>>> print(open('final_13.cif').read())   # mmCIF, C-alpha atoms
data_input
loop_
_atom_site.label_atom_id
_atom_site.label_comp_id
_atom_site.auth_asym_id
_atom_site.auth_seq_id
_atom_site.Cartn_x
_atom_site.Cartn_y
_atom_site.Cartn_z
CA MET K 1352 -1.72 -28.95 2.15
CA THR K 1353 -0.63 -26.02 4.30
CA PRO K 1354 -3.26 -23.53 5.46
CA GLU K 1355 -1.58 -20.80 3.38
CA LYS K 1356 -1.70 -22.92 0.22
CA ARG K 1357 -5.30 -23.92 0.89
CA ARG K 1358 -6.21 -20.24 1.39
CA ALA K 1359 -4.47 -19.28 -1.87
CA GLN K 1360 -6.22 -22.13 -3.71
CA ILE K 1361 -9.63 -21.04 -2.47
CA LEU K 1362 -9.00 -17.37 -3.29
CA LYS K 1363 -7.85 -18.26 -6.81
CA VAL K 1364 -11.19 -19.99 -7.39
CA VAL K 1365 -13.40 -17.50 -5.58
CA LEU K 1366 -12.08 -14.18 -6.95
CA PRO K 1367 -13.65 -14.53 -10.42
CA MET K 1368 -16.85 -15.80 -8.80
CA VAL K 1369 -17.05 -12.78 -6.49
CA ALA K 1370 -16.24 -10.42 -9.37
CA LYS K 1371 -19.24 -11.88 -11.21
CA SER K 1372 -21.75 -12.46 -8.40
CA GLY K 1373 -20.58 -10.16 -5.62
CA ALA K 1374 -21.44 -10.85 -2.01
CA ALA K 1375 -24.54 -12.77 -3.11
CA ILE K 1376 -22.33 -15.74 -3.90
CA LYS K 1377 -23.18 -18.87 -1.93
CA THR K 1378 -20.50 -20.55 0.13
CA SER K 1379 -21.73 -23.93 -1.08
CA ASP K 1380 -20.98 -22.83 -4.67
CA ILE K 1381 -17.50 -21.71 -3.59
CA SER K 1382 -16.81 -25.03 -1.87
CA LYS K 1383 -18.01 -26.97 -4.90
CA ALA K 1384 -15.92 -24.91 -7.33
CA ALA K 1385 -12.85 -25.25 -5.10
CA GLY K 1386 -13.41 -28.99 -4.74
CA ILE K 1387 -13.57 -28.83 -0.95
CA ALA K 1388 -16.14 -29.48 1.75
CA ASP K 1389 -18.01 -26.57 3.35
CA GLY K 1390 -16.28 -27.37 6.63
CA THR K 1391 -12.87 -26.94 4.99
CA LEU K 1392 -13.91 -23.55 3.71
CA PHE K 1393 -14.88 -22.44 7.20
CA ARG K 1394 -11.67 -23.82 8.73
CA VAL K 1395 -9.77 -21.48 6.42
CA PHE K 1396 -12.14 -18.50 6.68
CA GLN K 1397 -14.09 -17.81 9.86
CA ASP K 1398 -17.22 -16.87 7.93
CA LYS K 1399 -18.39 -15.54 4.58
CA GLN K 1400 -17.50 -11.96 5.56
CA ALA K 1401 -13.91 -13.06 6.31
CA LEU K 1402 -13.78 -14.69 2.88
CA LEU K 1403 -15.04 -11.50 1.20
CA ASP K 1404 -12.54 -9.43 3.18
CA ALA K 1405 -9.76 -11.78 2.02
CA CYS K 1406 -10.91 -11.30 -1.57
CA LEU K 1407 -10.71 -7.55 -1.14
CA GLU K 1408 -7.26 -7.74 0.45
CA GLU K 1409 -5.94 -10.11 -2.21
CA THR K 1410 -7.25 -7.95 -5.02
CA LEU K 1411 -5.98 -4.67 -3.60
CA ASP K 1412 -2.56 -6.00 -2.57
CA PRO K 1413 -0.15 -3.69 -4.42
CA ARG K 1414 3.06 -5.71 -3.91
CA ARG K 1415 3.18 -7.20 -7.43
CA LEU K 1416 2.41 -3.80 -8.92
CA VAL K 1417 5.11 -2.14 -6.82
CA ALA K 1418 7.62 -4.73 -8.09
CA ASP K 1419 6.55 -4.03 -11.69
CA ILE K 1420 7.08 -0.31 -11.12
CA GLY K 1421 10.60 -0.91 -9.86
CA GLU K 1422 11.44 -3.11 -12.85
CA SER K 1423 10.15 -0.53 -15.33
CA LEU K 1424 12.81 1.96 -14.26
CA ALA K 1425 15.40 -0.11 -16.14
CA VAL K 1426 13.72 1.00 -19.37
CA SER K 1427 15.43 4.07 -20.78
CA ARG K 1428 12.71 5.68 -22.93
CA VAL K 1429 10.28 7.52 -20.70
CA GLU K 1430 7.37 6.59 -22.99
CA ASP K 1431 8.16 2.88 -22.63
CA CYS K 1432 8.79 3.16 -18.91
CA LEU K 1433 5.47 4.94 -18.33
CA GLY K 1434 3.75 2.51 -20.70
CA GLN K 1435 4.88 -0.49 -18.66
CA VAL K 1436 3.65 1.08 -15.44
CA GLY K 1437 0.46 2.24 -17.15
CA ASN K 1438 -0.31 -1.28 -18.39
CA ALA K 1439 0.42 -2.69 -14.93
CA LEU K 1440 -1.92 -0.13 -13.34
CA ILE K 1441 -4.68 -0.87 -15.86
CA ALA K 1442 -4.37 -4.60 -15.13
CA TYR K 1443 -4.42 -3.90 -11.37
CA TYR K 1444 -7.56 -1.78 -11.58
CA LYS K 1445 -9.30 -4.11 -14.04
CA ALA K 1446 -8.91 -6.86 -11.44
CA ALA K 1447 -9.70 -4.67 -8.42
CA LEU K 1448 -12.66 -2.63 -9.65
CA PRO K 1449 -15.16 -5.48 -10.16
CA ILE K 1450 -14.33 -6.91 -6.72
CA MET K 1451 -14.63 -3.51 -5.06
CA HIS K 1452 -17.83 -2.77 -6.97
CA SER K 1453 -19.30 -6.11 -5.87
CA ILE K 1454 -18.20 -6.18 -2.26
CA LEU K 1455 -17.85 -2.69 -0.85
CA PRO K 1456 -21.43 -1.42 -1.19
CA ILE K 1457 -22.90 -4.32 0.76
CA ALA K 1458 -20.01 -5.31 3.00
CA LYS K 1459 -20.07 -4.42 6.66
CA SER K 1460 -18.26 -1.15 7.25
CA ASP K 1461 -15.60 -1.39 9.89
CA ALA K 1462 -12.38 0.32 10.86
CA LYS K 1463 -10.24 -2.75 10.03
CA ARG K 1464 -11.40 -2.85 6.39
CA GLU K 1465 -11.04 0.90 6.00
CA THR K 1466 -7.49 0.70 7.43
CA ILE K 1467 -6.54 -2.13 5.07
CA ILE K 1468 -7.84 -0.26 2.03
CA SER K 1469 -6.19 2.97 3.12
CA GLU K 1470 -2.83 1.30 3.77
CA MET K 1471 -2.85 -0.50 0.43
CA TYR K 1472 -3.76 2.66 -1.46
CA SER K 1473 -1.08 4.61 0.42
CA GLU K 1474 1.53 1.99 -0.51
CA LEU K 1475 0.51 2.17 -4.15
CA MET K 1476 0.44 5.97 -4.18
CA GLN K 1477 3.88 6.14 -2.52
CA ALA K 1478 5.32 3.77 -5.12
CA ILE K 1479 3.95 5.88 -7.99
CA GLU K 1480 5.19 9.09 -6.33
CA ASN K 1481 8.66 7.55 -5.96
CA PHE K 1482 8.51 6.42 -9.59
CA MET K 1483 7.64 9.96 -10.69
CA SER K 1484 10.47 11.36 -8.54
CA VAL K 1485 12.97 9.09 -10.28
CA LEU K 1486 11.70 10.21 -13.69
CA ILE K 1487 11.99 13.84 -12.60
CA ASP K 1488 15.54 13.23 -11.32
CA ARG K 1489 16.43 11.57 -14.64
CA GLY K 1490 15.26 14.72 -16.43
CA ASP K 1491 12.36 12.94 -18.15
CA LEU K 1492 9.53 14.83 -16.42
CA SER K 1493 8.95 18.07 -14.59
CA GLY K 1494 6.40 18.78 -11.93
CA GLU K 1495 5.50 17.82 -8.40
CA PRO K 1496 5.68 14.02 -7.86
CA THR K 1497 2.46 13.76 -5.83
CA LEU K 1498 0.41 15.63 -8.43
CA LEU K 1499 1.96 13.65 -11.29
CA ALA K 1500 1.21 10.40 -9.46
CA GLN K 1501 -2.41 11.42 -8.84
CA VAL K 1502 -2.95 12.35 -12.49
CA PHE K 1503 -1.25 9.20 -13.77
CA ILE K 1504 -3.25 6.95 -11.44
CA GLY K 1505 -6.46 8.75 -12.43
CA LEU K 1506 -5.74 8.17 -16.11
CA ALA K 1507 -5.04 4.48 -15.45
CA GLN K 1508 -8.24 4.11 -13.44
CA SER K 1509 -10.25 5.75 -16.22
CA SER K 1510 -8.70 3.47 -18.81
CA ALA K 1511 -9.47 0.41 -16.70
CA LEU K 1512 -13.05 1.57 -16.09
CA GLN K 1513 -13.69 1.97 -19.80
CA GLY K 1514 -12.92 -1.70 -20.37
CA THR K 1515 -14.41 -3.07 -17.16
CA PHE K 1516 -17.86 -1.53 -16.94
CA SER K 1517 -18.71 -0.68 -20.53
CA ALA K 1518 -18.98 -2.46 -23.83
CA GLY K 1519 -16.17 -0.32 -25.27
CA SER K 1520 -12.54 -1.31 -25.22
CA GLU K 1521 -10.16 0.10 -22.68
CA ALA K 1522 -7.86 2.91 -23.70
CA ALA K 1523 -4.38 1.54 -24.16
CA ALA K 1524 -1.71 2.77 -21.78
CA GLU K 1525 0.03 4.30 -24.78
CA THR K 1526 -2.92 6.65 -25.28
CA PHE K 1527 -2.99 7.97 -21.75
CA VAL K 1528 0.83 8.05 -21.50
CA ASN K 1529 0.92 10.37 -24.51
CA LEU K 1530 -1.79 12.53 -22.94
CA PHE K 1531 0.10 12.54 -19.65
CA LEU K 1532 3.42 13.44 -21.28
CA ASP K 1533 1.94 16.31 -23.24
CA GLY K 1534 1.26 18.02 -19.92
CA CYS K 1535 4.51 17.36 -18.05
CA ARG K 1536 7.34 16.56 -20.45
CA LYS K 1537 10.38 18.79 -20.22
#
>>> encode(input="final_13.cif", output="structure tokens")
Amino acid sequence: MTPEKRRAQILKVVLPMVAKSGAAIKTSDISKAAGIADGTLFRVFQDKQALLDACLEETLDPRRLVADIGESLAVSRVEDCLGQVGNALIAYYKAALPIMHSILPIAKSDAKRETIISEMYSELMQAIENFMSVLIDRGDLSGEPTLLAQVFIGLAQSSALQGTFSAGSEAAAETFVNLFLDGCRK
């Protein structure tokens, strides 16, 4: 198996474990769940901190979300277009928030991690800004793209938080899309 495939296999197993147990997770438990020896784990990841960093990077990687945003523009109704992106954002944050909540408070703070997080957030924000610009150009929305993107992302984060850290159900994207559109529809 290639190192990239082995890395992906380990991350697929470890992400739900880290979301549940945080940085307190034992590497022996990870190795056992992945069906590999401890030595194999440490040939792929230098140490536990490198594994946790990889979990953070994998979870925050916005590339799939950016692709979903691009595909949603083929939808003609603005409500449906925003709903697709809203659902994709909720799914992104529902996956990312438990990992961030588990890892960031106890992870070592360093410039590399801060740069990775900042770059990934910037890429996501730029994609949402571009998405809003297209909707403005189509005549579907009015307003400043950066502000619209910030509000939309905030609504998606709130919806994801409701379902992730509370017993209540998450607000559907349709709910926050309607709220969003009431403030910026032409």
>>> residues_around(input="final_13.cif", residues="Asn1481 in chain K", least_positions_apart="6", cutoff="10 Å", atoms="all atoms listed in the file", output="MDAnalysis selection string")
chainID K and resid 1420:1421 1475 1487 1496:1497 1500
>>> write_last_selection(input="final_13.cif", atoms="C-alpha atoms", output="compact mmCIF listing (two decimals), in the frame of the given file")
# COMPACT_ATOMS: atom_id res chain seq x y z
CA ILE K 1420 7.08 -0.31 -11.12
CA GLY K 1421 10.60 -0.91 -9.86
CA LEU K 1475 0.51 2.17 -4.15
CA ILE K 1487 11.99 13.84 -12.60
CA PRO K 1496 5.68 14.02 -7.86
CA THR K 1497 2.46 13.76 -5.83
CA ALA K 1500 1.21 10.40 -9.46
>>> residues_around(input="final_13.cif", residues="range 1360-1367 of chain K", least_positions_apart="5", cutoff="12 Å", atoms="all atoms listed in the file", output="number ranges by chain")
K: 1352-1355, 1372-1374, 1376-1389, 1391-1396, 1399, 1401-1411, 1445-1451, 1453-1454
>>> closest_residue(input="final_13.cif", among="K:Ala1523, K:Val1485, K:Ile1479, K:Ile1441", to="Ser1427 in chain K", atoms="only C-alpha atoms")
K:Val1485
>>> resolve_selection(input="final_13.cif", expression="the PyMOL selection byres ((chain K and resi 1498) around 12)", output="MDAnalysis selection string")
chainID K and resid 1476:1477 1479:1481 1483:1484 1493:1497 1499:1505 1531 1534:1535
>>> write_last_selection(input="final_13.cif", atoms="C-alpha atoms", output="compact mmCIF listing (two decimals), in the coordinates of the input")
# COMPACT_ATOMS: atom_id res chain seq x y z
CA MET K 1476 0.44 5.97 -4.18
CA GLN K 1477 3.88 6.14 -2.52
CA ILE K 1479 3.95 5.88 -7.99
CA GLU K 1480 5.19 9.09 -6.33
CA ASN K 1481 8.66 7.55 -5.96
CA MET K 1483 7.64 9.96 -10.69
CA SER K 1484 10.47 11.36 -8.54
CA SER K 1493 8.95 18.07 -14.59
CA GLY K 1494 6.40 18.78 -11.93
CA GLU K 1495 5.50 17.82 -8.40
CA PRO K 1496 5.68 14.02 -7.86
CA THR K 1497 2.46 13.76 -5.83
CA LEU K 1499 1.96 13.65 -11.29
CA ALA K 1500 1.21 10.40 -9.46
CA GLN K 1501 -2.41 11.42 -8.84
CA VAL K 1502 -2.95 12.35 -12.49
CA PHE K 1503 -1.25 9.20 -13.77
CA ILE K 1504 -3.25 6.95 -11.44
CA GLY K 1505 -6.46 8.75 -12.43
CA PHE K 1531 0.10 12.54 -19.65
CA GLY K 1534 1.26 18.02 -19.92
CA CYS K 1535 4.51 17.36 -18.05
>>> atom_distance(input="final_13.cif", atom1="CA of Ala1418 in chain K", atom2="CA of Leu1440 in chain K")
11.8 Å
>>> closest_residue(input="final_13.cif", among="K:Gln1397, K:Ser1473, K:Arg1415, K:Gly1490", to="Arg1428 in chain K", atoms="all atoms listed in the file")
K:Gly1490
>>> axis_aligned_box(input="final_13.cif", around="range 1469-1488 of chain K", padding_each_side="3 Å", output="JSON")
{"center_x": 4.7, "center_y": 6.7, "center_z": -5.0, "size_x": 27.7, "size_y": 20.3, "size_z": 23.5}
>>> closest_residue(input="final_13.cif", among="K:Leu1492, K:Leu1424, K:Leu1530, K:Val1417", to="Ala1507 in chain K", atoms="all atoms listed in the file")
K:Leu1530
>>> atom_distance(input="final_13.cif", atom1="CA of Leu1433 in chain K", atom2="CA of Ser1509 in chain K")
15.9 Å
>>> closest_residue(input="final_13.cif", among="K:Met1368, K:Leu1512, K:Ala1524, K:Ala1375", to="Tyr1444 in chain K", atoms="all atoms listed in the file")
K:Leu1512
>>> closest_residue(input="final_13.cif", among="K:Phe1527, K:Phe1482, K:Gly1390, K:Ala1511", to="Glu1422 in chain K", atoms="all atoms listed in the file")
K:Phe1482
>>> atom_distance(input="final_13.cif", atom1="CA of Leu1532 in chain K", atom2="CA of Ser1469 in chain K")
28.2 Å
>>> closest_residue(input="final_13.cif", among="K:Ala1462, K:Glu1525, K:Pro1413, K:Leu1486", to="Val1426 in chain K", atoms="all atoms listed in the file")
K:Leu1486
